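A.B. asks: Contents of model-v1.cif (mmCIF, C-alpha atoms) are below:
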```
data_coords
#
loop_
_atom_site.label_atom_id
_atom_site.label_comp_id
_atom_site.auth_asym_id
_atom_site.auth_seq_id
_atom_site.Cartn_x
_atom_site.Cartn_y
_atom_site.Cartn_z
CA MET A 1 0.00 0.00 0.00
CA PRO A 2 1.49 3.41 -0.95
CA THR A 3 2.15 5.97 1.75
CA TYR A 4 0.95 9.53 1.24
CA ASN A 5 2.49 12.85 2.12
CA PRO A 6 -0.24 15.24 3.32
CA GLU A 7 1.53 18.11 1.56
CA HIS A 8 0.87 16.41 -1.78
CA GLU A 9 -2.39 14.64 -1.08
CA ASP A 10 -4.54 16.49 -3.64
CA HIS A 11 -2.25 16.43 -6.64
CA ARG A 12 -4.41 13.77 -8.25
CA LEU A 13 -7.51 15.87 -7.71
CA ASP A 14 -5.79 18.69 -9.58
CA SER A 15 -4.90 16.23 -12.37
CA LEU A 16 -8.52 15.03 -12.47
CA ILE A 17 -9.83 18.55 -12.95
CA ARG A 18 -7.24 19.31 -15.64
CA PHE A 19 -8.10 16.06 -17.43
CA PHE A 20 -11.76 16.98 -17.75
CA SER A 21 -11.01 20.56 -18.73
CA ARG A 22 -10.40 19.19 -22.24
CA PRO A 23 -13.41 18.71 -24.55
CA ALA A 24 -14.86 15.20 -24.11
CA PRO A 25 -11.58 13.41 -23.28
CA GLU A 26 -13.27 10.01 -23.00
CA SER A 27 -15.64 10.28 -25.97
CA GLY A 28 -16.11 6.92 -27.69
CA LYS A 29 -13.84 5.00 -25.32
CA ILE A 30 -14.79 1.67 -23.77
CA ILE A 31 -13.55 0.89 -20.27
CA SER A 32 -11.74 -2.43 -20.65
CA HIS A 33 -12.14 -5.22 -18.12
CA PRO A 34 -8.83 -6.67 -16.83
CA ASP A 35 -10.01 -10.06 -18.11
CA PRO A 36 -10.97 -9.74 -21.81
CA ARG A 37 -13.15 -12.86 -21.56
CA VAL A 38 -15.57 -11.06 -19.23
CA GLU A 39 -15.90 -8.18 -21.68
CA GLU A 40 -16.54 -10.66 -24.50
CA MET A 41 -19.30 -12.29 -22.44
CA SER A 42 -20.95 -8.88 -22.16
CA ARG A 43 -20.75 -8.26 -25.91
CA LEU A 44 -22.24 -11.68 -26.69
CA ASN A 45 -25.22 -11.10 -24.40
CA ARG A 46 -28.32 -12.05 -26.40
CA GLU A 47 -30.38 -9.25 -24.89
CA PRO A 48 -29.71 -5.56 -25.65
CA LEU A 49 -27.53 -4.00 -22.96
CA ARG A 50 -29.48 -1.77 -20.59
CA LYS A 51 -28.19 1.78 -20.12
CA ALA A 52 -27.08 2.75 -16.63
CA SER A 53 -25.04 5.50 -15.00
CA VAL A 54 -23.10 5.89 -11.79
CA LEU A 55 -21.85 9.05 -10.11
CA ILE A 56 -18.28 9.41 -8.85
CA PRO A 57 -18.83 12.11 -6.21
CA VAL A 58 -15.53 13.86 -5.38
CA ILE A 59 -15.68 15.84 -2.15
CA LYS A 60 -13.61 19.02 -2.40
CA PRO A 61 -10.78 19.52 0.11
CA THR A 62 -10.70 22.16 2.83
CA ALA A 63 -7.84 23.79 4.69
CA SER A 64 -7.94 20.94 7.19
CA SER A 65 -9.21 17.94 5.19
CA ARG A 66 -8.19 16.22 2.00
CA SER A 67 -10.34 15.37 -0.99
CA HIS A 68 -12.36 12.15 -0.86
CA ILE A 69 -14.55 10.06 -3.14
CA VAL A 70 -17.93 8.87 -1.86
CA LEU A 71 -18.62 5.13 -2.06
CA THR A 72 -21.42 2.91 -0.84
CA LEU A 73 -21.64 -0.56 0.59
CA ARG A 74 -24.59 -2.16 -1.13
CA SER A 75 -27.35 -3.89 0.80
CA ASP A 76 -27.00 -7.64 1.33
CA ASN A 77 -30.58 -8.08 0.09
CA LEU A 78 -30.08 -6.82 -3.47
CA ASN A 79 -30.34 -9.19 -6.41
CA SER A 80 -27.03 -8.11 -7.97
CA HIS A 81 -23.65 -7.17 -6.45
CA ALA A 82 -25.08 -7.52 -2.93
CA GLY A 83 -22.71 -6.45 -0.17
CA GLN A 84 -20.16 -4.97 -2.60
CA VAL A 85 -18.60 -1.53 -2.62
CA SER A 86 -20.14 0.58 -5.35
CA PHE A 87 -20.83 4.07 -6.62
CA PRO A 88 -24.33 5.51 -6.29
CA GLY A 89 -26.18 4.92 -9.54
CA GLY A 90 -28.50 2.68 -11.48
CA SER A 91 -30.57 2.07 -14.59
CA ARG A 92 -31.72 4.85 -16.89
CA GLU A 93 -35.44 5.54 -16.67
CA HIS A 94 -37.57 6.66 -19.61
CA HIS A 95 -37.85 10.17 -18.16
CA ASP A 96 -34.07 10.63 -17.81
CA SER A 97 -32.74 12.92 -20.52
CA ASP A 98 -29.12 11.68 -20.38
CA ASN A 99 -26.44 9.87 -18.36
CA ILE A 100 -25.99 12.83 -16.04
CA GLU A 101 -29.66 12.98 -15.07
CA THR A 102 -29.66 9.26 -14.35
CA ALA A 103 -26.55 9.47 -12.17
CA LEU A 104 -27.85 12.47 -10.22
CA ARG A 105 -31.34 11.01 -9.73
CA GLU A 106 -30.01 7.68 -8.53
CA SER A 107 -27.50 9.37 -6.20
CA GLU A 108 -30.27 11.40 -4.61
CA GLU A 109 -32.35 8.24 -4.15
CA GLU A 110 -29.51 6.11 -2.77
CA ILE A 111 -27.47 8.51 -0.62
CA GLY A 112 -29.60 11.67 -0.41
CA LEU A 113 -27.13 13.77 -2.41
CA ASN A 114 -28.85 16.94 -3.65
CA PRO A 115 -28.31 17.23 -7.44
CA ASP A 116 -27.87 21.00 -7.06
CA ALA A 117 -24.85 20.33 -4.83
CA VAL A 118 -22.98 18.52 -7.63
CA GLU A 119 -20.79 20.24 -10.21
CA ILE A 120 -20.48 17.82 -13.14
CA ILE A 121 -17.02 17.96 -14.72
CA GLY A 122 -17.15 15.04 -17.16
CA GLN A 123 -17.98 11.47 -18.10
CA LEU A 124 -16.00 8.33 -18.84
CA GLY A 125 -16.60 5.84 -21.61
CA GLU A 126 -18.97 2.89 -21.26
CA PHE A 127 -18.27 -0.18 -19.17
CA LEU A 128 -20.01 -3.41 -20.27
CA LEU A 129 -21.17 -5.86 -17.62
CA PRO A 130 -22.07 -9.55 -18.10
CA SER A 131 -25.21 -8.82 -16.08
CA GLY A 132 -26.52 -6.97 -19.15
CA PHE A 133 -25.72 -3.34 -18.37
CA GLU A 134 -23.78 -0.65 -20.21
CA VAL A 135 -22.60 1.68 -17.46
CA THR A 136 -21.42 5.27 -17.95
CA PRO A 137 -19.54 6.83 -15.01
CA VAL A 138 -20.21 10.54 -14.41
CA ILE A 139 -17.76 12.62 -12.35
CA GLY A 140 -18.95 15.44 -10.10
CA LEU A 141 -17.38 17.78 -7.54
CA VAL A 142 -19.22 18.22 -4.25
CA GLU A 143 -18.72 20.85 -1.56
CA PRO A 144 -17.24 19.60 1.75
CA GLU A 145 -19.43 17.98 4.41
CA PRO A 146 -22.45 17.13 2.26
CA GLN A 147 -25.58 15.91 3.99
CA LEU A 148 -25.86 12.24 3.00
CA THR A 149 -28.40 9.64 4.09
CA PRO A 150 -28.31 6.00 2.90
CA CYS A 151 -31.46 4.49 1.45
CA PRO A 152 -31.93 1.44 3.74
CA ILE A 153 -33.31 -0.71 0.93
CA GLU A 154 -30.25 -0.32 -1.29
CA VAL A 155 -27.34 0.94 0.83
CA ASN A 156 -25.93 -0.52 4.03
CA GLU A 157 -23.33 2.18 4.50
CA ILE A 158 -21.82 5.33 2.99
CA PHE A 159 -18.09 5.90 3.36
CA MET A 160 -15.35 8.00 1.79
CA ALA A 161 -11.85 7.10 0.63
CA PRO A 162 -9.03 9.51 -0.26
CA THR A 163 -8.99 10.68 -3.86
CA GLU A 164 -5.22 10.45 -3.76
CA LEU A 165 -5.44 6.73 -3.03
CA LEU A 166 -8.27 5.79 -5.39
CA LEU A 167 -6.69 7.65 -8.33
CA ASP A 168 -3.31 5.99 -7.87
CA PRO A 169 -3.01 3.16 -10.45
CA GLU A 170 -0.28 1.52 -8.38
CA ALA A 171 -2.63 1.07 -5.43
CA TYR A 172 -4.57 -1.68 -7.25
CA THR A 173 -3.56 -5.33 -7.34
CA GLU A 174 -4.65 -8.17 -9.60
CA SER A 175 -6.40 -11.20 -8.14
CA ILE A 176 -8.23 -14.26 -9.43
CA VAL A 177 -11.86 -15.07 -8.62
CA GLU A 178 -14.23 -17.70 -9.99
CA PHE A 179 -16.95 -16.37 -12.28
CA ALA A 180 -19.34 -18.53 -14.31
CA GLY A 181 -17.29 -21.55 -13.28
CA GLN A 182 -14.01 -20.13 -14.62
CA PRO A 183 -11.09 -18.27 -13.04
CA ARG A 184 -11.22 -14.56 -13.94
CA LYS A 185 -8.74 -11.75 -13.40
CA ILE A 186 -9.96 -8.80 -11.33
CA LEU A 187 -8.58 -5.63 -9.79
CA GLU A 188 -8.95 -4.86 -6.11
CA LEU A 189 -7.91 -2.39 -3.44
CA TYR A 190 -8.35 -2.48 0.33
CA TYR A 191 -9.05 0.64 2.39
CA GLU A 192 -9.78 0.54 6.13
CA GLY A 193 -11.37 -2.88 5.90
CA TYR A 194 -13.36 -2.17 2.72
CA ARG A 195 -12.65 -4.33 -0.30
CA ILE A 196 -13.03 -2.24 -3.45
CA TRP A 197 -13.17 -4.59 -6.43
CA GLY A 198 -15.23 -5.59 -9.46
CA ALA A 199 -16.69 -2.85 -11.64
CA THR A 200 -15.94 -0.14 -9.08
CA ALA A 201 -12.23 -0.94 -9.05
CA VAL A 202 -12.07 -1.23 -12.84
CA ILE A 203 -13.71 2.18 -13.33
CA LEU A 204 -11.46 3.89 -10.78
CA HIS A 205 -8.31 2.24 -12.14
CA HIS A 206 -9.26 3.26 -15.69
CA LEU A 207 -9.79 6.85 -14.58
CA ALA A 208 -6.52 6.87 -12.62
CA THR A 209 -4.62 5.46 -15.59
CA GLN A 210 -6.05 7.98 -18.06
CA ILE A 211 -5.21 10.86 -15.72
CA ASN A 212 -1.64 9.62 -15.33
CA ILE A 213 -1.21 9.26 -19.09
CA GLU A 214 -2.50 12.79 -19.61
CA ALA A 215 -0.14 14.10 -16.91
CA GLY A 216 2.77 12.25 -18.48
CA GLN A 217 3.41 10.14 -15.39
#
```
Write out the structure in this file as structure tokens.
C.D. replies:
Amino acid sequence: MPTYNPEHEDHRLDSLIRFFSRPAPESGKIISHPDPRVEEMSRLNREPLRKASVLIPVIKPTASSRSHIVLTLRSDNLNSHAGQVSFPGGSREHHDSDNIETALRESEEEIGLNPDAVEIIGQLGEFLLPSGFEVTPVIGLVEPEPQLTPCPIEVNEIFMAPTELLLDPEAYTESIVEFAGQPRKILELYYEGYRIWGATAVILHHLATQINIEAGQ
């Protein structure tokens, strides 16, 4: 696990903001799964992929606190990804005008985040899931100390992890899990007892990697 110098703890936040200051930096890109076989399973899904969006809420730093990213621990009673660390988000509804509206609506429903408190700075490319979803991550800046309340049906817990950690590509490790009866490669990261893996880790690692490439690191 990398160690962090508090004097430099928000450099990656600065890089994130610079990255999305360019016009549509992720337009047309697909977020690749670390195991290409999983991505191929998604593409071969017989049913059309259902559109979904998640919000990556980045809490701005203060003079005494560093920047963090809001994550949720999903309810154990959900049909998919139960008990996993996730971003707030979900399926697009017919009344949603775009990915941003979906991400903001779902975030308000799941964690009580007021859409007016979010400054959207950009979107990533799509991430295809074998469960039949095409997920678009939306990135938003949030003022410090937001009022958040978990929806008890969907969210067991809301927690925050340092932006500097989550946007460090070197913080992630590769592991093997069994999926559909076969060993599959995944990415994962541990923070204060939380296991961040699956789609959440892939999305964060992709974002971290793209920011580093742009910064020439």
A.B. asks: The PyMOL selection byres ((chain A and resi 173) around 6) - which residues does that actually catch in the file I just gave you? List them as a count of residues only.
C.D. replies: 4
A.B. asks: With distances taken over only C-alpha atoms, which of A:Pro150, A:Gly89, A:Pro130, A:Pro61 is nearest to Pro36 in chain A?
C.D. replies: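 Result for the nearest residue to Pro36 in chain A: A:Pro130.
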A.B. asks: Can you list what the PyMOL selection byres ((chain A and resi 141) around 8) grabs from this structure, as a list in words?
C.D. replies: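 So the PyMOL selection byres ((chain A and resi 141) around 8) ends up selecting Pro57, Val58, Ile59, Lys60, Val118, Glu119, Ile120, Ile121, Ile139, Gly140, Val142 and Glu143 of chain A.
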A.B. asks: Take the PyMOL selection byres ((chain A and resi 162) around 7), apply it to the structure above, and return the hits as a VMD selection string.
C.D. replies: chain A and resid 67 to 69 160 to 161 163 to 166
A.B. asks: From the options A:Ile31, A:Asn156, A:Glu106, A:Gly181, which residue's atoms come nearest to His205 in chain A, counting all atoms listed in the file?
C.D. replies: A:Ile31
A.B. asks: Looking at all atoms listed in the file, which of A:Leu16, A:Glu145, A:Ser91, A:Ser107 is the one that sits closest to Thr62 in chain A?
C.D. replies: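 Looking at the shortest contact to Thr62 in chain A, the residue is A:Glu145.
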A.B. asks: For His33 in chain A, which residue among A:Ile196, A:Ile186, A:Ile213, A:Cys151 is the nearest when counting all atoms listed in the file?
C.D. replies: A:Ile186
A.B. asks: Quote the spacing between CA of Leu129 in chain A and CA of Phe20 in chain A in Å to one decimal place.
C.D. replies: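 If I compute the distance from CA of Leu129 in chain A to CA of Phe20 in chain A, I get 24.7 Å.
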A.B. asks: Tell me, in Å to one decimal, how far CA of Ser97 in chain A is from CA of Ile30 in chain A.
C.D. replies: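 Separation between CA of Ser97 in chain A and CA of Ile30 in chain A: 21.4 Å.
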A.B. asks: Could you check how far CA of Ala24 in chain A sits from CA of Gly122 in chain A, in Å to one decimal?
C.D. replies: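 CA of Gly122 in chain A lies 7.3 Å from CA of Ala24 in chain A.
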A.B. asks: In terms of the shortest atom-to-atom distance over only C-alpha atoms, which of A:Val155, A:Ile56, A:Ile17, A:Leu73 is closest to Thr136 in chain A?
C.D. replies: A:Ile56
A.B. asks: Check the smallest atom-to-atom distance from each of A:Gln182, A:Arg92, A:Phe133, A:Asp168 to Asn212 in chain A using all atoms listed in the file, then report the winner.
C.D. replies: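 Among A:Gln182, A:Arg92, A:Phe133, A:Asp168, it is A:Asp168 that comes nearest to Asn212 in chain A.
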A.B. asks: Please provide the set of residues having any atom within 12 Å of Arg37 in chain A, restricted to all atoms listed in the file, with same-chain residues fewer than 2 positions apart removed, written as a list in words.
C.D. replies: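 Residues meeting the cut-off are Ser32, His33, Pro34, Asp35, Glu39, Glu40, Met41, Ser42, Arg43, Leu44, Leu128, Leu129, Pro130, Phe179, Ala180, Gln182, Pro183, Arg184, Lys185 and Ile186 of chain A.
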A.B. asks: Name the residues, using the chain letters and numbers of the file, that sit within 8 Å of (-14.4, -2.1, -3.5) when counting all atoms listed in the file, and give them as an MDAnalysis selection string.
C.D. replies: chainID A and resid 84:86 188:190 194:198 200:201
A.B. asks: Fewer than 2 positions away in the same chain doesn't count, so skip those; otherwise give me all residues within 6 Å of Ala208 in chain A, counting all atoms listed in the file, as a PyMOL selection string.
C.D. replies: chain A and resi 167-169+205-206+210-211
A.B. asks: Can you tell me, as a PDB file with C-alpha atoms, in the frame of the given file, what residues are no more than 10 Å from Pro25 in chain A when counting all atoms listed in the file, ignoring any on the same chain fewer than 2 positions away?
C.D. replies:
```pdb
ATOM      1  CA  PHE A  19      -8.100  16.060 -17.430  1.00  0.00           C
ATOM      2  CA  PHE A  20     -11.760  16.980 -17.750  1.00  0.00           C
ATOM      3  CA  SER A  21     -11.010  20.560 -18.730  1.00  0.00           C
ATOM      4  CA  ARG A  22     -10.400  19.190 -22.240  1.00  0.00           C
ATOM      5  CA  PRO A  23     -13.410  18.710 -24.550  1.00  0.00           C
ATOM      6  CA  SER A  27     -15.640  10.280 -25.970  1.00  0.00           C
ATOM      7  CA  GLY A  28     -16.110   6.920 -27.690  1.00  0.00           C
ATOM      8  CA  LYS A  29     -13.840   5.000 -25.320  1.00  0.00           C
ATOM      9  CA  GLY A 122     -17.150  15.040 -17.160  1.00  0.00           C
ATOM     10  CA  GLN A 123     -17.980  11.470 -18.100  1.00  0.00           C
ATOM     11  CA  LEU A 124     -16.000   8.330 -18.840  1.00  0.00           C
ATOM     12  CA  GLY A 125     -16.600   5.840 -21.610  1.00  0.00           C
ATOM     13  CA  GLN A 210      -6.050   7.980 -18.060  1.00  0.00           C
ATOM     14  CA  GLU A 214      -2.500  12.790 -19.610  1.00  0.00           C
TER      15      GLU A 214
END
```
A.B. asks: Box for range 123-136 of chain A - axis-aligned, 5 Å on each of the six sides, all listed atoms - centre and size in Å to one decimal, as AutoDock Vina command-line options.
C.D. replies:
```
--center_x -21.3 --center_y 1.0 --center_z -18.8 --size_x 20.5 --size_y 31.0 --size_z 15.5
```
A.B. asks: Dump as an MDAnalysis selection string all residues having an atom at most 12 Å from (-30.1, 3.7, -8.0), computed in the file's coordinates with only C-alpha atoms.
C.D. replies: chainID A and resid 52:55 72 74:75 78 86:93 101:113 150:151 153:155
